[in-house]
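Peer 1: Structure below; questions to follow.
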There are 2 protein chains.
Amino acid sequence: MTRVTFSPLYLQIRERLVQGLQGGEWRPGEAIPSEIELAARFGVSQGTVRKAIDVLATEHMLIRRQGRGTFVASHLEQRAQYRFLRLRPDEGEPIQPTSRFVECRRMRAPGEIARALELKAGEGVVMIRRQLQFASVPLVLDEIWLPGNRFKGLTAERLNAYSGPLYGLLEAEFGTRMIHASERVRAVAAEPQQAEWLDVRTGEPLLLAERISTTYTGRPVEVRRGWYVTRGHHYFNELN
Amino acid sequence: MTRVTFSPLYLQIRERLVQGLQGGEWRPGEAIPSEIELAARFGVSQGTVRKAIDVLATEHMLIRRQGRGTFVASHLEQRAQYRFLRLRPDEGEPIQPTSRFVECRRMRAPGEIARALELKAGEGVVMIRRQLQFASVPLVLDEIWLPGNRFKGLTAERLNAYSGPLYGLLEAEFGTRMIHASERVRAVAAEPQQAEWLDVRTGEPLLLAERISTTYTGRPVEVRRGWYVTRGHHYFNELN
DNA sequence: TAGTGGTCTAGACCACATG
DNA sequence: ATGTGGTCTAGACCACTAT
């Protein structure tokens with residue numbers, strides 16, 4: 001008997017839990033049912049539910065809190081804010097940045113962006129430019145591309161009326177949660193415009209991080225280019 | 001009763017396994033005893049041993065192979081070679097680099113290096129400079145600092161007589177295995193000497209990765225500065 | 001005190017690799 | 001056929017949080 005698709009029970013349970021998350025049955029910040037309750041609902045043992053939840057916890061979709069319950073992860077929680085931002089000061093504690101939105105407009109996706117977002121050529125996208133300041137010092141310039149359909153009411157006004165991490169806004173207002181991202185990092189020379197916004201000289205080396213973010217399904221829903229000033233700051237990474 | 005130090009059984013087992021690895025009871029590439037055997041030895045259930053091994057497997061100290069056994073991870077294995085090297089071509093498959101050693105000498109640790117390696121001021125270190133070529137194209141310049149005591153027979157001749165990842169040599173010949181590393185990445189301008197070795201213009205933006213590597217105990221045993229050319233290549237990173 | 005997640009056990013059976 | 005790790009179960013008890 002050739003079994004082409006073998007998937008253990010706990011991964012099937014994981015799938016069903018992801019569907020619940022994705023479908024909005026449990027929203028970011030809320031608790032999901034207890035393990036015993038889920039075990040009963042799915043007709044499996046508590047241990048199997050535990051293993052499924054363990055996977056989702058290491059994938060940062062759920063957060064376990066002993067004695068309290070298991071919660072849907074959220075970019076709005078204190079601990080998870082700016083989870084994907086790897087810029088750190090060389091000395092001292094990390095500081096929360098503040099955003100200053102430079103531009104927000106809708107357009108047809110350029111070819112490169114459409115490819116990365118898996119959109120058809122010419123589909124609409126939102127393009128956002130912003131500057132991030134750390135203790136009033138501008139250190140980051142972001143160029144963010146989002147699928148237009150998924151984020152219909154997203155406008156410059158909406159952005160300016162909000163303070164906090166962008167991903168928090170996207171998950172709370174548009175129901176799209178960024179789960180995972182991969183980055184390509186390189187060194188480039190600052191263009192005149194960038195130099196002006198970042199208060200450095202033209203040609204100064206900047207770190208460029210090109211990011212693609214995906215949601216529950218694994219579908220790419222954001223393309224981002226970030227230019228970082230790395231004098232006195234650095235891009236932090238752990239190698240395992 | 002206030003219990004200040006609570007450590008579950010499986011983490012205590014983990015500790016004892018790490019001691020076995022660190023002490024050389026099981027060497028890189030070898031199999032450790034089966035779960036059942038370890039359970040008997042430690043007087044716990046197989047499930048508890050499993051949990052301990054699970055932790056060590058996610059920490060990349062052990063590798064589980066269904067049907068075969070559990071093995072001590074090694075930098076010499078095909079799959080793990082250049083595990084810490086994050087430079088990737090923008091297009092196509094990663095290529096294994098070849099090293100060209102430029103310099104290898106012993107000296108007293110400069111203050112900054114001594115601090116990072118947690119050595120006393122003036123203790124001996126080995127300093128290695130090398131160039132990494134990818135398909136004969138030089139893309140990386142490394143400056144590597146190692147504690148002199150731990151790597152006594154490490155000489156230029158020894159390095160030149162060896163081909164393959166440096167960490168493989170260090171683990172096989174000196175019994176020191178790099179388990180974890182953290183990097184600070186920034187953009188800098190190429191110095192004249194670097195530009196020459198990397199075949200770029202002086203002042204060209206380079207990516208600089210400053211790495212501190214630790215062994216089983218968590219003790220830092222390597223400081224490394226790597227300058228990367230990121231035209232056509234990038235530093236790859238996954239954000240979780 | 002009640003309810004949640006966390007640990008530990010013992011045992012059954014499955015999937016996989018090797019001889 | 002044997003031995004390894006992988007899955008699943010059922011049940012006991014522990015640690016933590018909230019009421």
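By order of appearance in the structure tokens: chains A, B, ..., then residues from 1 within every chain, and ligands from 1 in the order shown.
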So that I can check the surroundings of DT7 (chain D), please list as a list in words every protein, DNA and RNA residue that reaches within 12 Å of it, counting only C-alpha atoms (C1' of nucleotides) and ignoring chain neighbours fewer than 2 positions away.

Peer 2: Ser7, Pro8, Leu9, Tyr10, Leu11, Ser45, Gly47, Thr48 and Lys51 of chain A; Gly47 of chain B; DA12, DC13, DC14 and DA15 of chain C; DG5 and DT9 of chain D

Peer 1: Give me the chain A side of the contact with chain D, cut-off 6 Å, one line per residue showing its nearest atom pair and distance in Å at one decimal, counting only C-alpha atoms (C1' of nucleotides), sorted by chain and residue number, as JSON lines.

Peer 2:
```
{"residue": "A:Gln66", "atom": "CA", "partner": "D:DC16", "partner_atom": "C1'", "distance": 5.9}
{"residue": "A:Gly67", "atom": "CA", "partner": "D:DC16", "partner_atom": "C1'", "distance": 4.7}
{"residue": "A:Arg68", "atom": "CA", "partner": "D:DT17", "partner_atom": "C1'", "distance": 5.8}
```

Peer 1: Please identify every residue of chain C that has at least one atom no more than 10 Å from any atom of chain A, counting only C-alpha atoms (C1' of nucleotides), and report them as a list in words.

Peer 2: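 Within 10 Å of chain A on chain C, we get DG3, DT4, DG5, DG6 and DA15 of chain C.
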
Peer 1: Per DSSP on the backbone, what are the alpha helix (DSSP H) residues of region 78-203 of chain B, as JSON, numbers by chain?

Peer 2: {"B": [111, 112, 113, 114, 115, 116, 117, 156, 157, 158, 159, 160, 166, 167, 168, 169, 170, 171, 172, 173, 174, 192, 193, 194, 195, 196, 197, 198]}

Peer 1: Export N, CA, C and O atoms of the chosen residues as a short mmCIF file (atom, residue, chain, number, x, y, z; two decimals), in the first residue's frame?

Peer 2:
```cif
data_model
loop_
_atom_site.label_atom_id
_atom_site.label_comp_id
_atom_site.auth_asym_id
_atom_site.auth_seq_id
_atom_site.Cartn_x
_atom_site.Cartn_y
_atom_site.Cartn_z
N GLY B 111 41.97 44.82 23.34
CA GLY B 111 40.97 44.98 24.38
C GLY B 111 39.57 44.58 23.97
O GLY B 111 38.88 43.82 24.68
N GLU B 112 39.16 45.03 22.81
CA GLU B 112 37.81 44.77 22.33
C GLU B 112 37.55 43.27 22.15
O GLU B 112 36.49 42.75 22.49
N ILE B 113 38.56 42.59 21.58
CA ILE B 113 38.43 41.16 21.34
C ILE B 113 38.43 40.40 22.66
O ILE B 113 37.61 39.47 22.86
N ALA B 114 39.31 40.78 23.56
CA ALA B 114 39.38 40.13 24.87
C ALA B 114 38.03 40.22 25.58
O ALA B 114 37.54 39.24 26.15
N ARG B 115 37.43 41.38 25.51
CA ARG B 115 36.11 41.56 26.14
C ARG B 115 35.09 40.62 25.54
O ARG B 115 34.37 39.92 26.23
N ALA B 116 35.04 40.59 24.22
CA ALA B 116 34.03 39.77 23.53
C ALA B 116 34.25 38.28 23.81
O ALA B 116 33.29 37.52 23.91
N LEU B 117 35.50 37.87 23.93
CA LEU B 117 35.80 36.44 24.16
C LEU B 117 35.87 36.12 25.66
O LEU B 117 36.15 34.99 26.04
N ALA B 156 48.99 28.41 10.19
CA ALA B 156 48.73 28.67 8.78
C ALA B 156 48.85 27.38 7.97
O ALA B 156 48.05 27.11 7.07
N GLU B 157 49.87 26.56 8.30
CA GLU B 157 50.08 25.32 7.57
C GLU B 157 48.87 24.40 7.73
O GLU B 157 48.38 23.80 6.78
N ARG B 158 48.41 24.29 8.99
CA ARG B 158 47.26 23.44 9.29
C ARG B 158 46.04 23.89 8.47
O ARG B 158 45.29 23.06 7.96
N LEU B 159 45.85 25.18 8.38
CA LEU B 159 44.70 25.71 7.65
C LEU B 159 44.82 25.43 6.16
O LEU B 159 43.85 25.05 5.50
N ASN B 160 46.03 25.63 5.63
CA ASN B 160 46.21 25.44 4.20
C ASN B 160 46.13 23.98 3.79
O ASN B 160 45.82 23.67 2.64
N LEU B 166 35.71 25.82 8.08
CA LEU B 166 36.59 26.02 9.22
C LEU B 166 36.03 25.39 10.48
O LEU B 166 36.76 24.76 11.26
N TYR B 167 34.72 25.54 10.69
CA TYR B 167 34.11 24.99 11.90
C TYR B 167 34.25 23.47 11.95
O TYR B 167 34.30 22.88 13.02
N GLY B 168 34.30 22.85 10.79
CA GLY B 168 34.52 21.40 10.75
C GLY B 168 35.90 21.06 11.28
O GLY B 168 36.06 20.13 12.08
N LEU B 169 36.89 21.80 10.85
CA LEU B 169 38.25 21.61 11.36
C LEU B 169 38.29 21.82 12.87
O LEU B 169 38.84 21.00 13.61
N LEU B 170 37.70 22.88 13.33
CA LEU B 170 37.76 23.21 14.76
C LEU B 170 37.10 22.14 15.61
O LEU B 170 37.58 21.81 16.69
N GLU B 171 36.00 21.58 15.13
CA GLU B 171 35.30 20.57 15.93
C GLU B 171 36.03 19.23 15.88
O GLU B 171 36.09 18.51 16.86
N ALA B 172 36.60 18.90 14.71
CA ALA B 172 37.25 17.59 14.57
C ALA B 172 38.63 17.58 15.22
O ALA B 172 39.02 16.59 15.84
N GLU B 173 39.36 18.66 15.09
CA GLU B 173 40.75 18.66 15.55
C GLU B 173 40.93 19.23 16.95
O GLU B 173 41.88 18.91 17.64
N PHE B 174 40.02 20.11 17.34
CA PHE B 174 40.22 20.80 18.61
C PHE B 174 39.07 20.56 19.59
O PHE B 174 39.08 21.09 20.69
N PRO B 192 40.48 50.70 1.27
CA PRO B 192 41.30 50.39 0.08
C PRO B 192 41.78 48.93 0.05
O PRO B 192 41.66 48.26 -0.98
N GLN B 193 42.29 48.43 1.16
CA GLN B 193 42.79 47.04 1.19
C GLN B 193 41.68 46.03 0.93
O GLN B 193 41.84 45.07 0.18
N GLN B 194 40.54 46.27 1.59
CA GLN B 194 39.39 45.37 1.39
C GLN B 194 38.94 45.40 -0.06
O GLN B 194 38.65 44.37 -0.66
N ALA B 195 38.91 46.61 -0.62
CA ALA B 195 38.47 46.77 -2.00
C ALA B 195 39.34 45.93 -2.93
O ALA B 195 38.84 45.29 -3.86
N GLU B 196 40.64 45.92 -2.62
CA GLU B 196 41.56 45.16 -3.46
C GLU B 196 41.26 43.67 -3.40
O GLU B 196 41.12 42.99 -4.42
N TRP B 197 41.10 43.15 -2.20
CA TRP B 197 40.84 41.72 -2.02
C TRP B 197 39.49 41.31 -2.60
O TRP B 197 39.30 40.16 -3.01
N LEU B 198 38.55 42.23 -2.58
CA LEU B 198 37.19 41.88 -3.01
C LEU B 198 36.90 42.35 -4.43
O LEU B 198 35.80 42.14 -4.94
#
```

Peer 1: Dump as a PyMOL selection string the residues of chain B that approach chain A to within 8 Å, counting only C-alpha atoms.

Peer 2: chain B and resi 59-60+84+179-189+204-207+230-231+233-240

Peer 1: Could you write out that same residue set with N, CA, C and O atoms as a compact mmCIF listing (two decimals), in the first residue's frame?

Peer 2:
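Result file part_17.txt:
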```txt
# COMPACT_ATOMS: atom_id res chain seq x y z
N GLU B 59 17.65 22.82 19.09
CA GLU B 59 18.84 23.64 19.31
C GLU B 59 19.99 23.23 18.40
O GLU B 59 21.11 23.72 18.54
N HIS B 60 19.72 22.28 17.51
CA HIS B 60 20.71 21.83 16.54
C HIS B 60 21.94 21.19 17.17
O HIS B 60 23.02 21.26 16.60
N PHE B 84 26.11 28.63 9.17
CA PHE B 84 26.00 30.00 9.68
C PHE B 84 26.23 31.04 8.58
O PHE B 84 26.10 32.23 8.83
N ILE B 179 27.98 26.16 18.49
CA ILE B 179 26.57 25.77 18.62
C ILE B 179 25.65 26.90 18.19
O ILE B 179 24.65 26.68 17.52
N HIS B 180 26.00 28.08 18.56
CA HIS B 180 25.11 29.21 18.36
C HIS B 180 25.94 30.44 18.04
O HIS B 180 27.09 30.54 18.45
N ALA B 181 25.37 31.36 17.30
CA ALA B 181 26.07 32.61 17.01
C ALA B 181 25.06 33.73 16.91
O ALA B 181 23.90 33.51 16.55
N SER B 182 25.50 34.94 17.23
CA SER B 182 24.66 36.11 17.00
C SER B 182 25.47 37.10 16.19
O SER B 182 26.69 37.19 16.33
N GLU B 183 24.77 37.81 15.32
CA GLU B 183 25.46 38.72 14.42
C GLU B 183 24.89 40.13 14.50
O GLU B 183 23.67 40.31 14.68
N ARG B 184 25.76 41.10 14.34
CA ARG B 184 25.35 42.49 14.16
C ARG B 184 25.75 42.88 12.76
O ARG B 184 26.93 42.84 12.43
N VAL B 185 24.76 43.23 11.97
CA VAL B 185 25.01 43.47 10.56
C VAL B 185 24.87 44.97 10.29
O VAL B 185 23.93 45.60 10.78
N ARG B 186 25.80 45.52 9.51
CA ARG B 186 25.68 46.93 9.13
C ARG B 186 26.28 47.16 7.76
O ARG B 186 26.92 46.27 7.20
N ALA B 187 26.05 48.34 7.23
CA ALA B 187 26.61 48.72 5.93
C ALA B 187 27.79 49.64 6.16
O ALA B 187 27.70 50.58 6.95
N VAL B 188 28.89 49.36 5.49
CA VAL B 188 30.09 50.20 5.62
C VAL B 188 30.67 50.44 4.23
O VAL B 188 30.29 49.79 3.26
N ALA B 189 31.62 51.37 4.17
CA ALA B 189 32.30 51.64 2.90
C ALA B 189 33.59 50.84 2.85
O ALA B 189 34.30 50.71 3.86
N GLU B 204 33.00 51.53 -1.97
CA GLU B 204 31.82 50.75 -2.35
C GLU B 204 31.13 50.21 -1.08
O GLU B 204 31.81 49.78 -0.15
N PRO B 205 29.79 50.25 -1.04
CA PRO B 205 29.12 49.73 0.15
C PRO B 205 29.34 48.23 0.32
O PRO B 205 29.16 47.46 -0.63
N LEU B 206 29.74 47.84 1.51
CA LEU B 206 29.88 46.42 1.85
C LEU B 206 29.01 46.14 3.06
O LEU B 206 28.75 47.02 3.88
N LEU B 207 28.58 44.90 3.16
CA LEU B 207 27.84 44.50 4.34
C LEU B 207 28.85 43.93 5.33
O LEU B 207 29.66 43.07 4.98
N THR B 230 27.62 42.59 -1.72
CA THR B 230 26.20 42.26 -1.93
C THR B 230 25.68 42.82 -3.24
O THR B 230 24.59 43.38 -3.32
N ARG B 231 26.49 42.70 -4.27
CA ARG B 231 25.99 42.94 -5.63
C ARG B 231 25.76 41.57 -6.25
O ARG B 231 26.71 40.82 -6.46
N HIS B 233 24.39 39.25 -4.73
CA HIS B 233 24.21 38.35 -3.60
C HIS B 233 23.55 39.13 -2.47
O HIS B 233 23.51 40.35 -2.49
N HIS B 234 23.04 38.40 -1.49
CA HIS B 234 22.39 39.06 -0.36
C HIS B 234 22.56 38.21 0.89
O HIS B 234 22.87 37.02 0.81
N TYR B 235 22.32 38.85 2.01
CA TYR B 235 22.33 38.19 3.31
C TYR B 235 20.89 37.78 3.58
O TYR B 235 19.99 38.62 3.63
N PHE B 236 20.67 36.49 3.72
CA PHE B 236 19.32 35.98 3.82
C PHE B 236 18.89 35.81 5.27
O PHE B 236 19.66 35.38 6.12
N ASN B 237 17.64 36.16 5.54
CA ASN B 237 17.16 36.02 6.91
C ASN B 237 15.67 35.71 6.95
O ASN B 237 14.89 36.22 6.17
N GLU B 238 15.31 34.84 7.89
CA GLU B 238 13.91 34.51 8.12
C GLU B 238 13.46 35.18 9.41
O GLU B 238 14.15 35.10 10.43
N LEU B 239 12.32 35.84 9.37
CA LEU B 239 11.78 36.48 10.57
C LEU B 239 10.60 35.67 11.07
O LEU B 239 9.66 35.41 10.33
N ASN B 240 10.67 35.26 12.32
CA ASN B 240 9.60 34.44 12.87
C ASN B 240 8.85 35.22 13.93
O ASN B 240 8.81 35.01 15.03
```
